[in-house]
Amino acid sequence: MTYYESFGEGRPIVFLPGWGGDNGESQAVHEPVFADRTGWRRIYVDPPGTNHRPGDPSIADQDGILDAIAETIAEALGDDTFALSGTSAGALHARGLVRRDPARVLGLLLRVPGVIADRAARTLPTDDYLHHTAAFDAAVQAKDDAYYDPAEQAADLEFLDRIQADPSTYALREDPAARFERPTLIVTGRQDTITGYADAWALLDDYPTATFAVLDQEDHGLPVRRPALYQALVADWLDRMEAS
């Protein structure tokens with residue numbers, strides 16, 4: 001079983017959600033960029049174990065998840081080229097797809113990317129400098145209510161937790177590092193205590209045309225405080241792909 005939602009026409013962009021997340025949050029974040037922009041078909045994927053797609057007992061690790069995502073993309077696009085956007089664990093999946101076939105990918109967007117599978121080995125900031133205001137807390141709660149909590153309730157947590165519990169199965173079997181010279185955007189949160197920002201800096205060696213942004217007053221739910229800034233960065237990424 002595969003599941004995705006598609007909007008618009010033109011060059012395809014495939015959006016991959018974070019671990020256990022469905023595609024609704026990514027739609028809410030990215031669709032405003034395309035409100036006045038044509039020429040792009042947006043494909044939002046639900047991986048196995050999320051929302052409309054049950055867990056598959058034959059899948060034992062991230063490579064199995066990646067195979068299932070690749071199957072969904074093949075169903076949606078055949079052999080067409082496409083751009084890729086991945087959030088958190090979805091960024092790991094996106095990098096894995098680039099490693100498999102870099103010539104097929106038009107551009108790469110990594111939002112709050114998960115780089116190191118073992119949480120104990122990650123370089124993480126504190127959230128001591130994250131300013132909690134009534135407006136910020138209300139926006140976070142609204143996002144939880146609209147996207148994260150429903151996604152968790154709909155997810156196959158037993159299936160997902162089994163893979164996530166062991167760093168050896170939560171990581172890809174092969175390092176997804178691969179030289180990729182097409183337009184790339186990496187956006188991290190300065191107060192992201194889940195995946196951080198420092199570990200993603202090393203990815204620049206693989207992506208010589210990457211824009212790298214660390215947004216202050218944003219955590220792993222990025223963007224909450226500055227959606228317009230994030231969307232401007234995404235628009236610039238689209239501009240660079242169109243120019244190339």
# chains A, B, ... in the order shown; residues from 1 in each chain; ligands from 1
>>> closest_atom_pairs(of="range 110-201 of chain A", to="range 216-234 of chain A", cutoff="7 Å", atoms="only C-alpha atoms", output="Markdown table")
| residue | atom | partner | partner_atom | distance |
| --- | --- | --- | --- | --- |
| A:Val112 | CA | A:His220 | CA | 6.3 |
| A:Leu130 | CA | A:Gln217 | CA | 5.4 |
| A:His131 | CA | A:Gln217 | CA | 6.8 |
| A:Phe136 | CA | A:Arg225 | CA | 6.7 |
| A:Ala139 | CA | A:Val224 | CA | 6.7 |
| A:Val140 | CA | A:Val224 | CA | 6.9 |
| A:Gly189 | CA | A:Glu218 | CA | 4.8 |
| A:Arg190 | CA | A:Asp216 | CA | 4.9 |
| A:Gln191 | CA | A:Asp219 | CA | 4.8 |
| A:Asp192 | CA | A:Asp219 | CA | 3.9 |
| A:Thr193 | CA | A:Asp219 | CA | 6.9 |
| A:Ile194 | CA | A:His220 | CA | 6.3 |
>>> residues_around(residues="Asp156 in chain A", least_positions_apart="2", cutoff="9 Å", atoms="only C-alpha atoms", output="ChimeraX atom specification")
/A:20,48-51,53-55,152-154,158-161
>>> closest_atom_pairs(of="range 123-199 of chain A", to="range 98-111 of chain A", cutoff="7 Å", atoms="only C-alpha atoms", output="Markdown table")
| residue | atom | partner | partner_atom | distance |
| --- | --- | --- | --- | --- |
| A:Pro176 | CA | A:Arg99 | CA | 5.7 |
| A:Ala177 | CA | A:Arg99 | CA | 6.7 |
| A:Ala178 | CA | A:Arg99 | CA | 5.3 |
| A:Phe180 | CA | A:Pro102 | CA | 6.6 |
| A:Arg182 | CA | A:Gly107 | CA | 5.4 |
| A:Pro183 | CA | A:Gly107 | CA | 4.9 |
| A:Thr184 | CA | A:Leu108 | CA | 4.6 |
| A:Leu185 | CA | A:Leu109 | CA | 4.7 |
| A:Ile186 | CA | A:Leu110 | CA | 4.7 |
| A:Val187 | CA | A:Arg111 | CA | 5.0 |
| A:Thr188 | CA | A:Arg111 | CA | 6.3 |
>>> select_by_dssp(residues="range 25-202 of chain A", states="helix (DSSP H, G or I)", output="PyMOL selection string")
chain A and resi 25-34+62-77+89-100+102-104+119-121+134-154+157-164+167-170+198-202
>>> atom_distance(atom1="CA of Asp145 in chain A", atom2="CA of Asp22 in chain A")
13.5 Å
>>> residues_around(residues="Arg11 in chain A", least_positions_apart="2", cutoff="10 Å", atoms="only C-alpha atoms", output="list in words")
Gly8, Glu9, Ile13, Thr38, Gly39, Trp40, Arg41, Arg42, Asp80, Thr81, Phe82, Ala83, Leu106 and Glu242 of chain A
>>> residues_around(residues="Tyr4 in chain A", least_positions_apart="3", cutoff="7 Å", atoms="only C-alpha atoms", output="ChimeraX atom specification")
/A:43-46
>>> select_by_dssp(residues="range 76-180 of chain A", states="strand (DSSP E or B)", output="tab-separated table (two decimals) with all heavy atoms, in the first residue's frame")
chain	number	residue	atom	x	y	z
A	82	PHE	N	12.82	14.82	-10.13
A	82	PHE	CA	12.03	15.50	-9.12
A	82	PHE	C	12.95	16.18	-8.12
A	82	PHE	O	14.10	15.79	-7.95
A	82	PHE	CB	11.10	14.52	-8.38
A	82	PHE	CG	11.82	13.35	-7.75
A	82	PHE	CD1	12.29	13.41	-6.44
A	82	PHE	CD2	12.04	12.18	-8.48
A	82	PHE	CE1	12.96	12.34	-5.87
A	82	PHE	CE2	12.71	11.11	-7.92
A	82	PHE	CZ	13.17	11.18	-6.61
A	83	ALA	N	12.42	17.20	-7.44
A	83	ALA	CA	13.10	17.79	-6.30
A	83	ALA	C	12.65	17.07	-5.04
A	83	ALA	O	11.60	16.43	-5.01
A	83	ALA	CB	12.79	19.28	-6.21
A	84	LEU	N	13.45	17.21	-3.98
A	84	LEU	CA	13.19	16.48	-2.73
A	84	LEU	C	13.24	17.42	-1.54
A	84	LEU	O	14.15	18.24	-1.42
A	84	LEU	CB	14.26	15.40	-2.53
A	84	LEU	CG	13.94	13.96	-2.89
A	84	LEU	CD1	15.20	13.11	-2.69
A	84	LEU	CD2	12.80	13.41	-2.06
A	85	SER	N	12.27	17.27	-0.65
A	85	SER	CA	12.28	17.98	0.62
A	85	SER	C	12.02	16.99	1.74
A	85	SER	O	11.05	16.22	1.68
A	85	SER	CB	11.19	19.07	0.62
A	85	SER	OG	11.04	19.62	1.92
A	86	GLY	N	12.86	17.01	2.77
A	86	GLY	CA	12.68	16.10	3.90
A	86	GLY	C	12.80	16.84	5.21
A	86	GLY	O	13.69	17.68	5.40
A	87	THR	N	11.90	16.52	6.14
A	87	THR	CA	11.90	17.13	7.47
A	87	THR	C	12.35	16.10	8.50
A	87	THR	O	11.83	14.98	8.53
A	87	THR	CB	10.49	17.62	7.84
A	87	THR	OG1	10.11	18.66	6.94
A	87	THR	CG2	10.42	18.12	9.27
A	105	VAL	N	17.62	13.78	-9.12
A	105	VAL	CA	17.10	14.77	-8.17
A	105	VAL	C	17.47	16.18	-8.63
A	105	VAL	O	18.64	16.49	-8.86
A	105	VAL	CB	17.65	14.49	-6.76
A	105	VAL	CG1	17.11	15.52	-5.77
A	105	VAL	CG2	17.28	13.08	-6.31
A	106	LEU	N	16.47	17.05	-8.73
A	106	LEU	CA	16.67	18.41	-9.23
A	106	LEU	C	17.20	19.36	-8.17
A	106	LEU	O	17.85	20.35	-8.48
A	106	LEU	CB	15.33	18.95	-9.76
A	106	LEU	CG	14.67	18.17	-10.90
A	106	LEU	CD1	13.28	18.71	-11.15
A	106	LEU	CD2	15.52	18.26	-12.16
A	107	GLY	N	16.89	19.09	-6.91
A	107	GLY	CA	17.30	19.94	-5.81
A	107	GLY	C	16.91	19.29	-4.50
A	107	GLY	O	16.08	18.38	-4.47
A	108	LEU	N	17.50	19.78	-3.40
A	108	LEU	CA	17.33	19.12	-2.12
A	108	LEU	C	17.08	20.17	-1.03
A	108	LEU	O	17.83	21.14	-0.91
A	108	LEU	CB	18.59	18.31	-1.78
A	108	LEU	CG	18.62	17.54	-0.46
A	108	LEU	CD1	17.55	16.46	-0.44
A	108	LEU	CD2	20.00	16.95	-0.23
A	109	LEU	N	16.03	19.95	-0.24
A	109	LEU	CA	15.69	20.80	0.90
A	109	LEU	C	15.66	19.94	2.15
A	109	LEU	O	14.92	18.94	2.22
A	109	LEU	CB	14.33	21.47	0.68
A	109	LEU	CG	13.63	22.10	1.88
A	109	LEU	CD1	14.51	23.13	2.58
A	109	LEU	CD2	12.31	22.73	1.46
A	110	LEU	N	16.47	20.29	3.14
A	110	LEU	CA	16.54	19.57	4.40
A	110	LEU	C	16.09	20.51	5.51
A	110	LEU	O	16.77	21.50	5.79
A	110	LEU	CB	17.96	19.06	4.67
A	110	LEU	CG	18.60	18.22	3.56
A	110	LEU	CD1	20.05	17.87	3.93
A	110	LEU	CD2	17.80	16.96	3.28
A	111	ARG	N	14.97	20.21	6.15
A	111	ARG	CA	14.44	21.04	7.23
A	111	ARG	C	14.64	20.31	8.56
A	111	ARG	O	14.26	19.15	8.69
A	111	ARG	CB	12.95	21.33	7.00
A	111	ARG	CG	12.29	22.11	8.15
A	111	ARG	CD	10.91	22.63	7.77
A	111	ARG	NE	9.95	21.61	7.47
A	111	ARG	CZ	8.78	21.46	8.11
A	111	ARG	NH1	8.43	22.25	9.10
A	111	ARG	NH2	7.95	20.50	7.73
>>> residues_around(residues="range 148-150 of chain A", least_positions_apart="4", cutoff="8 Å", atoms="only C-alpha atoms", output="list in words")
Gly21, Glu25, Lys143, Asp144 and Ala154 of chain A
>>> write_last_selection(atoms="N, CA and C atoms", output="compact mmCIF listing (two decimals), in the first residue's frame")
# COMPACT_ATOMS: atom_id res chain seq x y z
N GLY A 21 5.21 11.42 11.51
CA GLY A 21 4.36 12.51 11.06
C GLY A 21 3.69 12.17 9.74
N GLU A 25 1.28 18.59 8.12
CA GLU A 25 2.09 19.70 8.61
C GLU A 25 2.96 20.28 7.49
N LYS A 143 -0.23 24.14 16.58
CA LYS A 143 0.42 23.19 15.67
C LYS A 143 0.32 21.77 16.21
N ASP A 144 0.51 21.62 17.51
CA ASP A 144 0.34 20.30 18.12
C ASP A 144 -1.09 19.79 17.90
N ALA A 154 -2.77 8.60 14.90
CA ALA A 154 -3.02 7.77 13.73
C ALA A 154 -1.86 6.86 13.38
